[in-house]
Structures are given as C-alpha cells and as structure tokens.
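Peer 1: Here it is: the structure, laid out below.
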Amino acid sequence: MTRYDLDILASDRERADAEERLRAAVENGRLPLADLSARLDEVHAARTRGDLEEACRGLPRPGPRDALVVDRPPSSRGFVAGVFGGFERKGAWVVPPRMTLWSMWGGGRIDLTEARFSSQDTEIRAVALWGGTRIVVPEDIEVEVRGFGLFGVFDKRAARRIGKPGTPRVVIRGLALFGAVVTRTGKQRSRP
C-alpha cells in the first residue's frame with residue numbers, strides 16, 4: 001500500500017476483513033488469544049486504512065484460500081432439489097453446516113472450490129433417484145464419503161484426510177438409487 005492508500009478512511013467492510021484476519025491469526029497460532037481483544041479494540045477504533053494495518057501488524061496478508069471457515073451466515077439454503085430439472089451452485093458462496101441435495105429424474109452440481117464454510121464440520125446429504133449429482137471439492141479440505149449405491153454409483157474418489165488442525169471437514173453421505181452421486185477434486189482459481 002502506498003502512503004496515500006494508508007490515509008484513506010476505512011470502510012466497514014475493511015474493518016470486518018481486519019477482524020477476520022485477526023481471528024484467523026489466532027486460529028493459526030500466529031497471534032496469542034490474550035492479544036485478540038486489544039487488537040480488536042484497535043480495529044474498532046481505526047479511522048484509516050493505516051490504522052487497520054497497524055492493528056494487524058506482524059501478520060501476513062491473507063491469501064486466496066485463507067479463512068475457509070467464516071463468521072458469516074450461509075448464502076444458500078439447506079435444501080436444493082432438481083426434480084425433472086437441475087440445480088447448480090458455484091462461485092464464491094458460504095455453505096450451510098447441513099445441506100441436502102435431491103436429484104430425481106434430473107441432475108445437479110455443487111462446486112465448493114471457491115466456497116467458504118459457516119462451520120468447521122459440514123454435512124452434505126445427497127440423494128439421487130434416477131438422476132445424478134456432482135459435488136466438486138477443493139484440494140485443501142478434508143472430505144469423507146459415506147454414501148451407498150443401490151443399482152447406482154456413490155463415488156468416493158475425492159475422499160481424503162489432510163491432518164492439519166483447523167482444516168474444514170465435509171462429510172458427504174446419502175443414497176444413489178438407479179442414479180449417481182459423483183465427488184471430484186477441483187482446482188481453485190486464483191483471485192486478485
């Protein structure tokens with residue numbers, strides 16, 4: 001940031017981003033929990049971008065996939081259905097802690113590669129009856145697949161354990177009856 005940028009008045013969104021940056025630093029062990037309250041007071045009292053930078057001193061700027069679990073409400077409902085049709089959810093969105101995907105004589109696609117999570121643990125229940133559902137997961141989360149295919153396919157290819165503390169975990173469970181629930185790993189797009 002240039003000196004001019006530091007003198008610009010801070011917006012509410014920039015304050016919220018600074019709060020999230022501090023909370024992520026505590027979760028990652030970069031900032032002691034005892035220091036969080038004082039730093040948050042600095043953020044709330046900040047008038048300029050420079051003041052916000054001072055409140056976040058010593059912390060790296062967040063990368064494109066930092067703070068995967070956010071303190072924001074879900075931007076999608078917990079129930080999505082494709083009956084004789086389809087559904088799709090992709091891009092930047094906040095995933096609810098529990099989500100049900102229902103495909104019946106139709107199909108759907110849920111892409112989590114740019115998503116954030118409203119909870120550390122997310123459960124996705126996928127039911128495909130004579131239909132199909134594709135779930136695309138990013139490489140940097142834990143994925144557990146516990147579904148069952150009866151005259152159908154419940155693909156477990158994207159299941160993996162990361163073993164890193166603070167990594168979000170998604171459990172995909174459900175049933176594929178004369179249909180398919182497919183999980184794949186997708187690449188995250190880099191953001192400016």
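Each chain in the structure tokens gets a letter, A, B, ..., in the order shown, and its residues are numbered from 1; ligands are numbered from 1 in order too.
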Write out as an MDAnalysis selection string each polymer residue whose atoms come within 10 Å of stretch 79-95 of chain A, counting only C-alpha atoms; drop sequence neighbours fewer than 4 positions from it.
Peer 2: chainID A and resid 68:75 99:119 122:136 189
Peer 1: When you look at A:Ala10 with a cut-off of 7 Å (counting only C-alpha atoms), what residues show up, excluding the ones that are within fewer than 2 positions of it in the same chain? I need them as JSON, numbers by chain.
Peer 2: {"A": [8, 12, 14, 15, 47, 48, 49]}
Peer 1: Could you save those same residues with C-alpha atoms as a compact mmCIF listing (two decimals), in the first residue's frame?
Peer 2:
```
# COMPACT_ATOMS: atom_id res chain seq x y z
CA ILE A 8 -7.92 6.76 3.14
CA ASP A 12 -17.00 -1.16 7.50
CA GLU A 14 -12.34 -3.30 5.63
CA ARG A 15 -12.89 -3.39 9.40
CA ARG A 47 -10.30 5.64 11.26
CA THR A 48 -7.99 4.98 8.31
CA ARG A 49 -6.61 2.02 6.39
```
Peer 1: Which residue is closest to A:Arg21? Choose from A:Leu9, A:Leu36, A:Ala46, A:Cys56 and count only C-alpha atoms.
Peer 2: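 Answer, going by the shortest atom-to-atom distance: A:Cys56.
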Peer 1: I'd like the neighbourhood of stretch 139-145 of chain A as a list in words, where a residue qualifies if any of its atoms comes within 6 Å (using only C-alpha atoms), though same-chain residues fewer than 4 positions away should be ignored.
Peer 2: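 Returned residues: Lys156, Ala159, Arg160, Arg161, Ile162, Thr167, Pro168, Arg169, Val170, Val171, Ile172 and Arg173 of chain A.
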Peer 1: Can I get the selected residues back with C-alpha atoms, as an mmCIF file, in the first residue's frame?
Peer 2:
```cif
data_model
loop_
_atom_site.group_PDB
_atom_site.id
_atom_site.type_symbol
_atom_site.label_atom_id
_atom_site.label_comp_id
_atom_site.auth_asym_id
_atom_site.auth_seq_id
_atom_site.Cartn_x
_atom_site.Cartn_y
_atom_site.Cartn_z
ATOM 1 C CA LYS A 156 -15.735 -41.952 -3.217
ATOM 2 C CA ALA A 159 -12.297 -38.668 -0.082
ATOM 3 C CA ARG A 160 -9.124 -37.659 1.763
ATOM 4 C CA ARG A 161 -7.684 -36.666 5.125
ATOM 5 C CA ILE A 162 -5.490 -33.592 5.471
ATOM 6 C CA THR A 167 -8.935 -27.676 8.179
ATOM 7 C CA PRO A 168 -12.656 -27.736 7.354
ATOM 8 C CA ARG A 169 -14.216 -31.188 7.057
ATOM 9 C CA VAL A 170 -17.045 -32.112 4.692
ATOM 10 C CA VAL A 171 -18.938 -35.388 5.166
ATOM 11 C CA ILE A 172 -20.922 -36.493 2.119
ATOM 12 C CA ARG A 173 -23.499 -39.177 2.804
#
```
Peer 1: Mind the document's chain letters and residue numbers, and return as an NGL selection string the residues of chain A that DSSP labels strand (DSSP E).
Peer 2: :A and (79-83 or 86-89 or 94-95 or 98-104 or 107-111 or 116-117 or 121-129 or 132-137 or 142-145 or 148-150 or 153-154 or 169-177 or 180-185)
Peer 1: Please list as a VMD selection string every residue within 9 Å of A:Arg157, counting only C-alpha atoms and excluding residues in the same chain fewer than 4 positions away.
Peer 2: chain A and resid 145 182 to 185
Peer 1: Atom CA of A:Gly50 and atom CA of A:Ala25, how far apart in Å?
Peer 2: 18.9 Å
Peer 1: Go ahead and compute the interatomic distance for atom CA of A:Gly174 and atom CA of A:Phe148, in Å to one decimal.
Peer 2: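 Answer for the atom CA of A:Gly174 to atom CA of A:Phe148 separation: 6.4 Å.
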Peer 1: Can you list, as a PyMOL selection string, every residue of stretch 3-178 of chain A that DSSP puts in alpha helix (DSSP H)?
Peer 2: chain A and resi 3-6+12-27+33-45+49-55
Peer 1: Selection from above, C-alpha atoms, as a PDB file, in the first residue's frame, can you write it?
Peer 2:
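Just written: out-v4.pdb:
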```pdb
ATOM      1  CA  ARG A   3       1.238   6.263   1.798  1.00  0.00           C
ATOM      2  CA  TYR A   4      -1.828   7.739   0.076  1.00  0.00           C
ATOM      3  CA  ASP A   5      -3.758   4.455   0.459  1.00  0.00           C
ATOM      4  CA  LEU A   6      -2.972   4.340   4.184  1.00  0.00           C
ATOM      5  CA  ASP A  12     -16.996  -1.163   7.496  1.00  0.00           C
ATOM      6  CA  ARG A  13     -16.072  -4.000   5.100  1.00  0.00           C
ATOM      7  CA  GLU A  14     -12.340  -3.300   5.625  1.00  0.00           C
ATOM      8  CA  ARG A  15     -12.887  -3.387   9.398  1.00  0.00           C
ATOM      9  CA  ALA A  16     -14.707  -6.735   9.070  1.00  0.00           C
ATOM     10  CA  ASP A  17     -11.834  -8.076   6.925  1.00  0.00           C
ATOM     11  CA  ALA A  18      -9.323  -6.945   9.586  1.00  0.00           C
ATOM     12  CA  GLU A  19     -11.365  -8.700  12.293  1.00  0.00           C
ATOM     13  CA  GLU A  20     -11.394 -11.878  10.229  1.00  0.00           C
ATOM     14  CA  ARG A  21      -7.643 -11.563   9.649  1.00  0.00           C
ATOM     15  CA  LEU A  22      -7.034 -11.332  13.424  1.00  0.00           C
ATOM     16  CA  ARG A  23      -9.304 -14.287  14.198  1.00  0.00           C
ATOM     17  CA  ALA A  24      -7.579 -16.377  11.530  1.00  0.00           C
ATOM     18  CA  ALA A  25      -4.202 -15.439  13.059  1.00  0.00           C
ATOM     19  CA  VAL A  26      -5.380 -16.745  16.451  1.00  0.00           C
ATOM     20  CA  GLU A  27      -6.642 -19.986  14.851  1.00  0.00           C
ATOM     21  CA  LEU A  33      -5.610 -15.363  22.218  1.00  0.00           C
ATOM     22  CA  ALA A  34      -4.738 -12.945  25.041  1.00  0.00           C
ATOM     23  CA  ASP A  35      -3.806 -10.288  22.439  1.00  0.00           C
ATOM     24  CA  LEU A  36      -7.006 -10.639  20.383  1.00  0.00           C
ATOM     25  CA  SER A  37      -9.226  -8.357  22.472  1.00  0.00           C
ATOM     26  CA  ALA A  38      -6.771  -5.434  22.407  1.00  0.00           C
ATOM     27  CA  ARG A  39      -6.218  -5.816  18.652  1.00  0.00           C
ATOM     28  CA  LEU A  40      -9.990  -5.938  18.005  1.00  0.00           C
ATOM     29  CA  ASP A  41     -10.363  -2.713  20.033  1.00  0.00           C
ATOM     30  CA  GLU A  42      -7.768  -1.130  17.729  1.00  0.00           C
ATOM     31  CA  VAL A  43      -9.741  -2.294  14.676  1.00  0.00           C
ATOM     32  CA  HIS A  44     -12.996  -0.841  16.022  1.00  0.00           C
ATOM     33  CA  ALA A  45     -11.289   2.481  16.825  1.00  0.00           C
ATOM     34  CA  ARG A  49      -6.615   2.016   6.386  1.00  0.00           C
ATOM     35  CA  GLY A  50      -3.270   2.764   8.004  1.00  0.00           C
ATOM     36  CA  ASP A  51      -4.844   2.341  11.451  1.00  0.00           C
ATOM     37  CA  LEU A  52      -6.205  -1.043  10.341  1.00  0.00           C
ATOM     38  CA  GLU A  53      -2.756  -2.069   9.100  1.00  0.00           C
ATOM     39  CA  GLU A  54      -1.320  -1.069  12.474  1.00  0.00           C
ATOM     40  CA  ALA A  55      -3.931  -3.242  14.262  1.00  0.00           C
TER      41      ALA A  55
END
```
Peer 1: Looking at A:Pro32, A:Gly58, A:Pro138, A:Gly179, which one is nearest to A:Phe151, with distances taken over only C-alpha atoms?
Peer 2: A:Gly179
Peer 1: Interatomic distance between atom CA of A:Gly29 and atom CA of A:Arg98?
Peer 2: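 Atom-to-atom, atom CA of A:Gly29 and atom CA of A:Arg98 are spaced 28.1 Å apart.
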Peer 1: Using only C-alpha atoms for the distances, tell me which of A:Val137, A:Arg57, A:Val181, A:Asp121 is nearest to A:Leu150.
Peer 2: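 Nearest to A:Leu150: A:Val181.
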